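This is work.txt. It holds compact mmCIF, C-alpha atoms and all ligand atoms.
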# COMPACT_ATOMS: atom_id res chain seq x y z
CA MET A 547 4.97 56.13 13.53
CA ARG A 548 7.57 54.88 15.99
CA ARG A 549 4.96 54.68 18.74
CA LYS A 550 2.72 52.63 16.51
CA PHE A 551 5.58 50.24 15.89
CA PHE A 552 6.16 50.02 19.67
CA TYR A 553 2.51 49.15 20.38
CA THR A 554 2.52 46.58 17.59
CA LEU A 555 5.54 44.98 19.23
CA ILE A 556 3.78 44.83 22.61
CA LEU A 557 0.66 43.34 21.05
CA LEU A 558 2.72 40.82 19.18
CA SER A 559 4.63 39.76 22.28
CA CYS A 560 1.35 39.38 24.26
CA PHE A 561 -0.03 37.21 21.51
CA CYS A 562 3.12 35.12 21.41
CA ASN A 563 3.16 34.71 25.20
CA CYS A 564 -0.48 33.65 25.31
CA TYR A 565 0.11 31.16 22.57
CA ALA A 566 3.29 29.83 24.14
CA GLN A 567 1.58 29.33 27.47
CA LYS A 568 -1.21 27.21 26.07
CA LEU A 569 -1.12 23.80 27.74
CA HIS A 570 -0.78 20.99 25.24
CA LYS A 571 -2.93 17.92 25.77
CA ALA A 572 -3.39 14.87 23.57
CA ILE A 573 -6.02 12.18 23.23
CA PHE A 574 -6.13 9.20 20.92
CA VAL A 575 -9.17 7.06 20.21
CA ILE A 576 -8.97 3.58 18.70
CA VAL A 577 -12.24 2.40 17.21
CA ASP A 578 -12.03 -1.30 16.52
CA GLY A 579 -11.89 -2.70 13.00
CA VAL A 580 -13.55 0.04 10.93
CA PRO A 581 -12.31 -0.42 7.35
CA ALA A 582 -11.21 2.63 5.37
CA ASP A 583 -13.66 2.14 2.48
CA LEU A 584 -16.61 2.11 4.89
CA MET A 585 -15.32 5.13 6.81
CA GLU A 586 -15.12 7.05 3.55
CA THR A 587 -18.62 6.28 2.31
CA ILE A 588 -20.69 7.03 5.41
CA HIS A 589 -21.77 10.58 6.23
CA LEU A 590 -20.09 11.33 9.57
CA PRO A 591 -20.52 15.02 10.52
CA THR A 592 -18.28 15.01 13.63
CA ILE A 593 -15.47 13.27 11.79
CA LYS A 594 -15.90 15.83 8.98
CA GLU A 595 -15.70 18.70 11.47
CA ILE A 596 -12.49 17.34 13.04
CA GLN A 597 -11.03 16.66 9.61
CA LYS A 598 -11.83 20.23 8.55
CA GLN A 599 -9.60 21.59 11.33
CA GLY A 600 -6.88 19.05 10.67
CA ALA A 601 -6.68 16.11 8.32
CA TYR A 602 -8.02 12.76 7.20
CA LEU A 603 -5.10 10.50 6.29
CA HIS A 604 -4.91 7.20 4.49
CA SER A 605 -2.97 4.90 6.73
CA TYR A 606 -1.90 1.31 7.16
CA VAL A 607 -1.12 -1.34 9.74
CA GLY A 608 0.75 -4.62 9.35
CA GLY A 609 4.34 -3.39 8.97
CA GLU A 610 6.17 -3.97 5.71
CA LYS A 611 4.43 -6.74 3.82
CA GLY A 612 6.70 -9.72 3.19
CA ALA A 613 9.55 -8.22 5.23
CA TYR A 614 10.80 -8.71 8.77
CA SER A 615 8.40 -6.13 10.19
CA GLN A 616 5.24 -7.72 8.77
CA SER A 617 2.67 -7.79 11.58
CA PRO A 618 -0.72 -9.53 11.78
CA THR A 619 -3.72 -7.23 11.21
CA ILE A 620 -5.08 -8.20 14.62
CA SER A 621 -6.44 -5.85 17.28
CA ALA A 622 -3.91 -5.97 20.15
CA VAL A 623 -1.05 -6.01 17.63
CA GLY A 624 -2.38 -2.76 16.17
CA TYR A 625 -3.00 -1.11 19.54
CA ASN A 626 0.53 -1.90 20.64
CA SER A 627 2.00 -0.58 17.40
CA LEU A 628 0.29 2.72 18.21
CA LEU A 629 1.35 2.58 21.88
CA THR A 630 5.03 1.86 21.12
CA GLY A 631 5.55 3.30 17.62
CA THR A 632 6.99 -0.05 16.54
CA TRP A 633 5.87 -3.13 14.59
CA ALA A 634 5.32 -6.59 16.05
CA HIS A 635 8.88 -7.91 15.53
CA LYS A 636 9.87 -5.40 18.23
CA HIS A 637 6.94 -5.05 20.64
CA ASN A 638 6.27 -8.79 20.28
CA VAL A 639 2.48 -8.79 20.56
CA TRP A 640 1.22 -11.17 17.85
CA GLY A 641 -2.39 -11.72 18.88
CA ASN A 642 -5.12 -10.93 21.40
CA SER A 643 -4.65 -13.68 23.95
CA GLY A 644 -2.42 -16.31 25.52
CA LYS A 645 1.27 -16.24 24.75
CA ASN A 646 0.63 -14.00 21.73
CA ILE A 647 -0.03 -11.12 24.12
CA ASP A 648 1.88 -12.36 27.17
CA SER A 649 5.11 -12.40 25.13
CA ILE A 650 5.03 -8.57 24.93
CA ASN A 651 8.47 -6.95 25.10
CA TYR A 652 8.26 -3.97 27.45
CA HIS A 653 11.73 -2.78 26.48
CA TYR A 654 9.96 -0.89 23.68
CA PRO A 655 8.31 1.74 25.91
CA SER A 656 4.72 2.85 25.47
CA ILE A 657 3.83 6.50 24.93
CA PHE A 658 2.51 6.50 28.50
CA LYS A 659 5.85 5.38 29.90
CA LEU A 660 7.78 7.98 27.91
CA PHE A 661 5.30 10.64 28.98
CA LYS A 662 5.19 9.85 32.69
CA GLU A 663 8.96 9.45 32.95
CA GLN A 664 9.37 13.00 31.78
CA PHE A 665 6.26 14.51 33.34
CA PRO A 666 5.45 12.49 36.48
CA GLN A 667 3.16 15.26 37.73
CA LYS A 668 0.98 15.27 34.61
CA LYS A 669 -2.12 13.10 34.27
CA SER A 670 -2.57 10.09 32.03
CA ALA A 671 -5.91 8.38 31.41
CA LEU A 672 -7.43 5.26 29.88
CA PHE A 673 -11.07 4.62 29.00
CA SER A 674 -11.68 1.12 27.65
CA THR A 675 -13.88 -1.99 27.72
CA TRP A 676 -10.98 -4.36 27.75
CA THR A 677 -8.76 -4.44 30.89
CA ASP A 678 -5.95 -6.12 28.90
CA ASN A 679 -5.24 -2.74 27.31
CA ARG A 680 -4.07 -1.59 30.72
CA THR A 681 -2.96 -4.76 32.49
CA LYS A 682 -1.13 -6.38 29.58
CA LEU A 683 -0.24 -3.77 26.95
CA ILE A 684 0.63 -0.88 29.24
CA GLY A 685 1.40 -3.40 31.97
CA ASN A 686 3.47 -2.42 34.98
CA GLN A 687 5.52 0.02 32.92
CA VAL A 688 3.57 2.90 34.35
CA ALA A 689 0.63 3.53 36.67
CA LEU A 690 -2.09 5.52 34.93
CA ASP A 691 -3.72 8.32 36.91
CA ILE A 692 -7.29 7.96 35.66
CA VAL A 693 -8.74 4.60 34.64
CA TYR A 694 -12.21 3.55 33.54
CA ASP A 695 -12.22 -0.03 32.23
CA GLY A 696 -13.37 -3.60 32.85
CA PHE A 697 -17.08 -2.84 32.42
CA GLU A 698 -17.63 -6.15 30.59
CA LYS A 699 -17.14 -7.87 33.94
CA ASP A 700 -20.05 -5.94 35.44
CA THR A 701 -22.82 -8.25 34.23
CA LEU A 702 -25.38 -6.66 36.54
CA ARG A 703 -25.06 -3.27 34.96
CA PHE A 704 -24.25 -4.59 31.47
CA PRO A 705 -26.03 -7.96 31.14
CA HIS A 706 -24.50 -9.88 28.26
CA ASP A 707 -26.72 -10.51 25.24
CA LYS A 708 -26.23 -12.65 22.14
CA ASN A 709 -25.89 -9.68 19.81
CA SER A 710 -23.21 -7.98 21.94
CA TYR A 711 -25.40 -4.95 22.29
CA TYR A 712 -24.03 -4.70 25.82
CA ILE A 713 -20.69 -3.79 24.24
CA HIS A 714 -22.39 -0.80 22.63
CA ALA A 715 -23.77 0.17 26.05
CA ILE A 716 -20.26 -0.17 27.52
CA ASP A 717 -18.76 1.95 24.71
CA ASN A 718 -21.37 4.59 25.56
CA GLU A 719 -20.28 4.50 29.19
CA VAL A 720 -16.61 4.66 28.17
CA ALA A 721 -17.21 7.69 25.92
CA THR A 722 -19.38 9.39 28.55
CA GLN A 723 -16.73 8.90 31.24
CA ALA A 724 -14.01 10.12 28.87
CA ALA A 725 -15.97 13.24 27.98
CA TYR A 726 -16.72 13.96 31.64
CA SER A 727 -13.09 13.48 32.60
CA ILE A 728 -11.92 15.80 29.81
CA ARG A 729 -14.37 18.50 30.93
CA THR A 730 -13.55 18.23 34.62
CA GLU A 731 -9.97 16.91 34.99
CA ALA A 732 -8.52 17.42 31.51
CA PRO A 733 -5.95 14.58 31.52
CA ASP A 734 -2.79 15.48 29.62
CA LEU A 735 -2.59 12.21 27.68
CA SER A 736 -5.60 9.94 27.15
CA TRP A 737 -6.45 6.75 25.32
CA VAL A 738 -10.07 5.88 24.53
CA TYR A 739 -10.93 2.48 23.09
CA LEU A 740 -14.33 1.64 21.51
CA GLN A 741 -15.11 -1.95 20.55
CA PHE A 742 -18.67 -2.39 19.25
CA THR A 743 -17.90 -1.87 15.53
CA ASP A 744 -15.62 -4.92 15.44
CA ASP A 745 -18.20 -7.15 17.10
CA VAL A 746 -20.88 -6.17 14.59
CA ALA A 747 -18.49 -6.62 11.66
CA HIS A 748 -17.48 -10.13 12.78
CA ARG A 749 -21.15 -11.04 12.98
CA TYR A 750 -22.63 -9.39 9.88
CA GLY A 751 -19.72 -8.24 7.71
CA TYR A 752 -20.43 -5.28 5.42
CA SER A 753 -24.10 -4.64 6.20
CA ASP A 754 -26.60 -2.04 7.33
CA SER A 755 -25.86 -3.18 10.88
CA LEU A 756 -22.17 -2.31 10.48
CA THR A 757 -22.99 1.06 8.91
CA GLU A 758 -25.30 1.74 11.85
CA ALA A 759 -22.56 0.69 14.33
CA VAL A 760 -20.13 3.16 12.73
CA LYS A 761 -22.74 5.93 13.08
CA LEU A 762 -23.28 5.03 16.74
CA MET A 763 -19.52 5.10 17.28
CA GLU A 764 -19.38 8.55 15.73
CA LYS A 765 -22.00 9.80 18.23
CA GLN A 766 -19.66 8.63 20.99
CA ILE A 767 -16.76 10.45 19.34
CA ASN A 768 -18.98 13.53 19.30
CA LYS A 769 -19.27 13.49 23.12
CA ILE A 770 -15.47 13.47 23.36
CA TRP A 771 -15.00 16.09 20.65
CA GLU A 772 -17.54 18.44 22.31
CA ALA A 773 -15.64 18.06 25.60
CA VAL A 774 -12.37 18.94 23.85
CA LYS A 775 -13.99 22.01 22.26
CA TYR A 776 -15.33 23.02 25.67
CA ARG A 777 -11.81 22.87 27.15
CA GLN A 778 -10.29 24.80 24.28
CA LYS A 779 -12.95 27.49 24.54
CA ASN A 780 -12.83 27.93 28.31
CA TYR A 781 -9.23 27.12 29.20
CA ASN A 782 -5.85 28.09 27.84
CA GLU A 783 -5.37 24.66 26.29
CA LYS A 784 -4.59 23.25 22.91
CA TRP A 785 -5.70 19.69 22.29
CA GLN A 786 -4.38 17.26 19.72
CA VAL A 787 -7.03 14.66 18.90
CA TRP A 788 -6.40 11.40 17.01
CA ILE A 789 -9.01 8.91 15.91
CA THR A 790 -7.94 5.76 14.15
CA THR A 791 -8.61 2.05 13.80
CA ASP A 792 -6.48 -1.00 14.51
CA HIS A 793 -6.97 -2.90 11.22
CA GLY A 794 -9.12 -3.10 8.11
CA ARG A 795 -11.18 -6.15 7.12
CA ASP A 796 -11.34 -8.72 4.33
CA LYS A 797 -13.77 -8.43 1.38
CA THR A 798 -16.69 -9.82 3.36
CA GLY A 799 -16.02 -7.47 6.26
CA LYS A 800 -16.23 -10.39 8.68
CA HIS A 801 -12.58 -11.28 9.08
CA HIS A 802 -9.13 -9.76 9.49
CA GLY A 803 -5.62 -10.80 10.45
CA GLY A 804 -4.09 -11.28 6.98
CA GLN A 805 -2.08 -9.04 4.68
CA SER A 806 -4.60 -8.15 1.95
CA VAL A 807 -4.81 -4.48 0.97
CA GLN A 808 -8.25 -4.24 2.60
CA GLU A 809 -7.02 -5.67 5.89
CA ARG A 810 -3.91 -3.44 5.95
CA SER A 811 -5.67 -0.23 4.90
CA THR A 812 -6.74 2.04 7.72
CA TRP A 813 -7.32 5.75 8.30
CA ILE A 814 -6.42 8.47 10.76
CA VAL A 815 -8.44 11.59 11.55
CA SER A 816 -6.90 14.44 13.52
CA ASN A 817 -7.70 18.02 14.39
CA GLN A 818 -3.97 18.68 13.97
CA ASN A 819 -3.10 20.58 10.84
CA LEU A 820 -0.58 18.43 8.96
CA PRO A 821 1.72 18.98 5.98
CA ILE A 822 0.08 18.26 2.64
CA TYR A 823 2.86 15.72 2.06
CA PHE A 824 1.14 13.23 4.40
CA LEU A 825 -2.25 13.81 2.80
CA GLN A 826 -0.69 12.80 -0.51
CA ASN A 827 1.63 10.05 0.72
CA GLY A 828 -0.34 8.53 3.58
CA THR A 829 0.98 7.40 6.89
CA ALA A 830 1.10 4.42 9.29
CA ILE A 831 -0.26 3.71 12.76
CA VAL A 832 3.31 3.86 14.13
CA ASP A 833 3.54 7.57 13.19
CA ILE A 834 1.06 8.60 15.90
CA LEU A 835 3.47 8.12 18.85
CA PRO A 836 6.25 10.37 17.47
CA THR A 837 3.66 13.02 16.55
CA ILE A 838 2.04 13.07 19.99
CA ALA A 839 5.53 13.07 21.55
CA ALA A 840 6.52 16.12 19.47
CA PHE A 841 3.29 17.93 20.39
CA LEU A 842 3.62 17.18 24.13
CA LYS A 843 7.35 17.96 24.02
CA ILE A 844 8.36 14.52 25.22
CA GLN A 845 12.12 14.15 24.76
CA ILE A 846 12.55 10.65 23.40
CA PRO A 847 15.89 9.10 24.48
CA VAL A 848 18.22 8.50 21.49
CA ASN A 849 18.25 4.71 21.90
CA VAL A 850 14.42 4.66 21.86
CA GLN A 851 14.24 7.09 18.94
CA ARG A 852 16.50 4.78 16.93
CA GLU A 853 13.98 1.95 17.34
CA LEU A 854 10.86 3.89 16.36
CA ASP A 855 9.30 2.65 13.15
CA GLY A 856 7.24 5.81 12.72
CA GLN A 857 8.00 9.48 12.33
CA SER A 858 6.40 12.73 13.47
CA LEU A 859 3.72 13.97 11.12
CA LEU A 860 4.19 17.60 12.18
CA LYS A 861 6.93 18.17 9.60
CA LYS A 862 7.48 16.92 6.09
CA PRO A 863 10.37 14.40 6.12
CA SER A 864 13.65 15.36 4.45
CA LEU A 865 13.91 12.02 2.64
CA ASN A 866 11.87 8.93 1.78
CA THR A 867 11.92 5.76 -0.36
CA VAL A 868 14.92 4.18 1.37
CA ASN A 869 16.42 1.09 -0.26
CA MET A 870 19.29 -1.05 0.97
CA LYS A 871 21.42 -3.56 -0.84
CA HIS A 872 23.94 -5.75 0.96
CA SER A 873 26.63 -7.60 -0.96
CA ASN A 874 30.27 -8.56 -0.32
CA ALA A 875 30.54 -6.85 3.07
CA SER A 876 29.28 -3.62 1.63
CA LEU A 877 25.97 -1.89 2.13
CA ASN A 878 24.49 0.47 -0.42
CA ILE A 879 21.76 2.79 0.81
CA SER A 880 19.72 4.93 -1.55
CA TRP A 881 16.90 7.38 -0.86
CA LYS A 882 14.90 10.14 -2.42
CA ALA A 883 15.84 13.60 -1.14
CA LEU A 884 12.84 15.83 -0.42
CA GLN A 885 14.99 18.87 0.28
CA LYS A 886 18.31 20.07 -1.08
CA LYS A 887 20.23 21.02 2.06
CA GLY A 888 21.51 18.87 4.88
CA LYS A 889 23.53 15.80 5.61
CA VAL A 890 22.60 12.15 6.01
CA LYS A 891 24.34 10.16 8.71
CA ILE A 892 24.39 6.37 8.55
CA TRP A 893 24.78 4.60 11.88
CA VAL A 894 25.32 0.86 12.09
CA THR A 895 25.41 -1.69 14.90
CA THR A 896 25.66 -5.50 14.83
CA THR A 897 23.93 -6.04 18.16
CA ASN A 898 20.33 -5.89 19.34
CA GLN A 899 20.84 -5.31 23.04
CA PHE A 900 17.89 -2.89 23.08
CA LYS A 901 15.55 -5.85 22.67
CA LEU A 902 16.95 -7.25 25.95
CA GLY A 903 16.92 -3.96 27.83
CA GLY A 904 20.49 -2.94 27.02
CA ASN A 905 22.17 -0.42 24.75
CA ASP A 906 23.65 -0.83 21.31
CA GLU A 907 26.89 0.84 20.28
CA TYR A 908 26.29 2.44 16.90
CA ARG A 909 29.18 3.40 14.64
CA LEU A 910 28.91 6.37 12.34
CA MET A 911 29.70 4.81 8.96
CA ALA A 912 28.85 7.61 6.55
CA ASN A 913 28.04 11.32 6.54
CA VAL A 914 27.04 12.43 3.06
CA ASP A 915 25.06 15.21 1.40
CA LEU A 916 21.32 14.54 1.42
CA LYS A 917 21.05 15.53 -2.24
CA LYS A 918 23.52 12.75 -3.18
CA GLU A 919 20.68 10.26 -2.53
CA ASN A 920 23.17 7.44 -2.02
CA ALA A 921 25.79 6.13 0.40
CA THR A 922 27.98 3.05 0.44
CA VAL A 923 29.14 1.65 3.74
CA ASP A 924 32.07 -0.74 4.12
CA LEU A 925 31.10 -3.43 6.63
CA SER A 926 34.27 -5.50 6.33
CA THR A 927 35.44 -4.38 9.78
CA MET A 928 32.18 -5.45 11.42
CA PRO A 929 31.26 -8.86 9.99
CA SER A 930 27.84 -10.09 11.13
CA SER A 931 24.68 -11.77 9.89
CA PHE A 932 22.62 -9.05 11.60
CA TYR A 933 22.77 -5.26 11.37
CA LYS A 934 20.66 -2.41 12.59
CA VAL A 935 21.02 0.65 10.38
CA VAL A 936 19.83 4.12 11.34
CA ILE A 937 19.51 6.81 8.69
CA GLU A 938 19.55 10.26 10.26
CA ALA A 939 18.70 13.32 8.20
CA PRO A 940 17.38 16.76 9.23
CA GLY A 941 14.08 16.15 11.04
CA THR A 942 13.98 12.51 9.94
CA SER A 943 15.28 9.32 11.50
CA LEU A 944 14.59 5.92 9.96
CA ASN A 945 15.82 2.49 10.90
CA ARG A 946 16.12 -0.83 9.12
CA GLN A 947 17.29 -4.26 10.15
CA ILE A 948 19.35 -6.47 7.87
CA ILE A 949 18.99 -10.15 8.63
CA LEU A 950 21.32 -12.22 6.46
CA LYS A 951 20.66 -15.89 5.93
CA ASN A 952 23.39 -18.14 7.24
CA ASP A 953 24.49 -20.52 4.51
ZN ZN A 1001 -9.63 -5.06 16.16
Please re-express this file's structure in structure tokens.
Ligand SMILES: [Zn+2]
Amino acid sequence: MRRKFFYTLILLSCFCNCYAQKLHKAIFVIVDGVPADLMETIHLPTIKEIQKQGAYLHSYVGGEKGAYSQSPTISAVGYNSLLTGTWAHKHNVWGNSGKNIDSINYHYPSIFKLFKEQFPQKKSALFSTWTDNRTKLIGNQVALDIVYDGFEKDTLRFPHDKNSYYIHAIDNEVATQAAYSIRTEAPDLSWVYLQFTDDVAHRYGYSDSLTEAVKLMEKQINKIWEAVKYRQKNYNEKWQVWITTDHGRDKTGKHHGGQSVQERSTWIVSNQNLPIYFLQNGTAIVDILPTIAAFLKIQIPVNVQRELDGQSLLKKPSLNTVNMKHSNASLNISWKALQKKGKVKIWVTTTNQFKLGGNDEYRLMANVDLKKENATVDLSTMPSSFYKVVIEAPGTSLNRQIILKND
């Protein structure tokens, strides 16, 4: 009996070791402008297969509607919210071109910067039509190891046509290169961007053409997914795959940019098994960065963590539904506790040096039981028309800004 116990222990430790040694790798794919309602009505077998291993989540872009974090439902704005885990009032990308993209604030680091700072020896990769994804959004923050982009400039190989079918051909090339790279080099963190769906939607709106474009996109996803499965089968690797879109569309399907429910509603598919909480409560594009960071074991510096507008989806949060009321130099913060144990710490600062590349000095203003669901903070010793408030609870960190109108 004892011997049996001993062998079980050995077996168990072998299993644990093997599991622990699995190399974690992550890839995220942004498919442009595929609205949630369309995604949910088309039969997409590869998406279904990925979802079966992990989850399909209702998601949103656009920040908090009507509040300081409201962000346009425009492509580059959405990409950069994924890349930085923040909304537009922080990363400062408000559109696709000109000063709307050139005004980007690199002080909010991209996932690639966080990753390469900690793991300079590991490989990062980008596969994209649009060079701006690399040259402007990722910028000089970090040099990527593997890059396939800029194919739209190769008019010999991809002659431009009126119907933008060349963009479909480019997406095919992008997906093929991504799949090949995964099979042969297995980059540790990759971004794939596919554009054709948005072009078709702008031209035809909701139509058979758009449905067809989504199906073609899914075939490209299949190449990537098969490559991931190949790696997982033949190498000691565990891959976290994310597929999402950068915005929804208006009722016609032709336009986007506004704050209607249809334009804000998006979706996320992952092979990562996620708590049922997120399946019921949905999520946002800014949650992808903290989740990938947790999976790849990227240690996010505290000052960066305090700016993140998303949270890791690997664990159910310990609180939600945060409300703040400011009056007479006092701040009341309420929340809904999702667990009984633990403390909530309220940190407050009156500065926003982070935005300029500096550090903010936060003061711990309250430390109360999570189950109390309420805290009142006396701000009389730190008068200001601007506050950043961080609410720290077990496994959860949320931040809010309070911008008071000057009378
Ligand atoms: Zn877009």
Expected selection as a count of residues only for ligand ZN 1001 (chain A) within 12 Å, all atoms listed in the file: 42
Go through A:Val787, A:Ile892, A:Leu672, A:Leu865 one by one, measure the shortest atom-to-atom distance of each to Lys571 of chain A using all atoms listed in the file, and give the residue with the smallest value.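 Checking each candidate against Lys571 of chain A, we get A:Val787 as the closest.
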Using only C-alpha atoms, which of the listed residues (A:His872, A:Lys918, A:Arg946, A:Lys662) sits closest to Ser931 of chain A? A:His872
Leu825 of chain A: which residues within 8 Å, counting all atoms listed in the file, same-chain residues fewer than 3 positions away excluded, as a list in words? Ala601, Tyr602, Leu603, His604, Leu820, Pro821, Ile822 and Gly828 of chain A
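Atom pair atom CA of Lys761 of chain A / atom CA of His714 of chain A has a distance of 11.7 Å (rounded to one decimal).
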May I ask for the distance between atom CA of Gln805 of chain A and atom CA of Gly685 of chain A, given in Å to one decimal place?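 It comes out at 28.1 Å.
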Calculate how many Å separate atom CA of His653 of chain A from atom CA of Asp678 of chain A, rounding to one decimal. 18.2 Å
Residue neighbourhood Ile684 of chain A, 10 Å, all atoms listed in the file, exclusion window fewer than 5 positions, as a tab-separated table (two decimals) with C-alpha atoms, keeping the file's coordinate frame:
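For reference, around-v8.tsv as written:
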chain	number	residue	atom	x	y	z
A	626	ASN	CA	0.53	-1.90	20.64
A	629	LEU	CA	1.35	2.58	21.88
A	630	THR	CA	5.03	1.86	21.12
A	650	ILE	CA	5.03	-8.57	24.93
A	652	TYR	CA	8.26	-3.97	27.45
A	655	PRO	CA	8.31	1.74	25.91
A	656	SER	CA	4.72	2.85	25.47
A	657	ILE	CA	3.83	6.50	24.93
A	658	PHE	CA	2.51	6.50	28.50
A	659	LYS	CA	5.85	5.38	29.90
A	678	ASP	CA	-5.95	-6.12	28.90
A	679	ASN	CA	-5.24	-2.74	27.31
A	689	ALA	CA	0.63	3.53	36.67
A	690	LEU	CA	-2.09	5.52	34.93
Minimum-distance residue to Trp785 of chain A, chosen among A:Ser649, A:Lys797, A:Met763, A:Asn819 (using all atoms listed in the file): A:Asn819
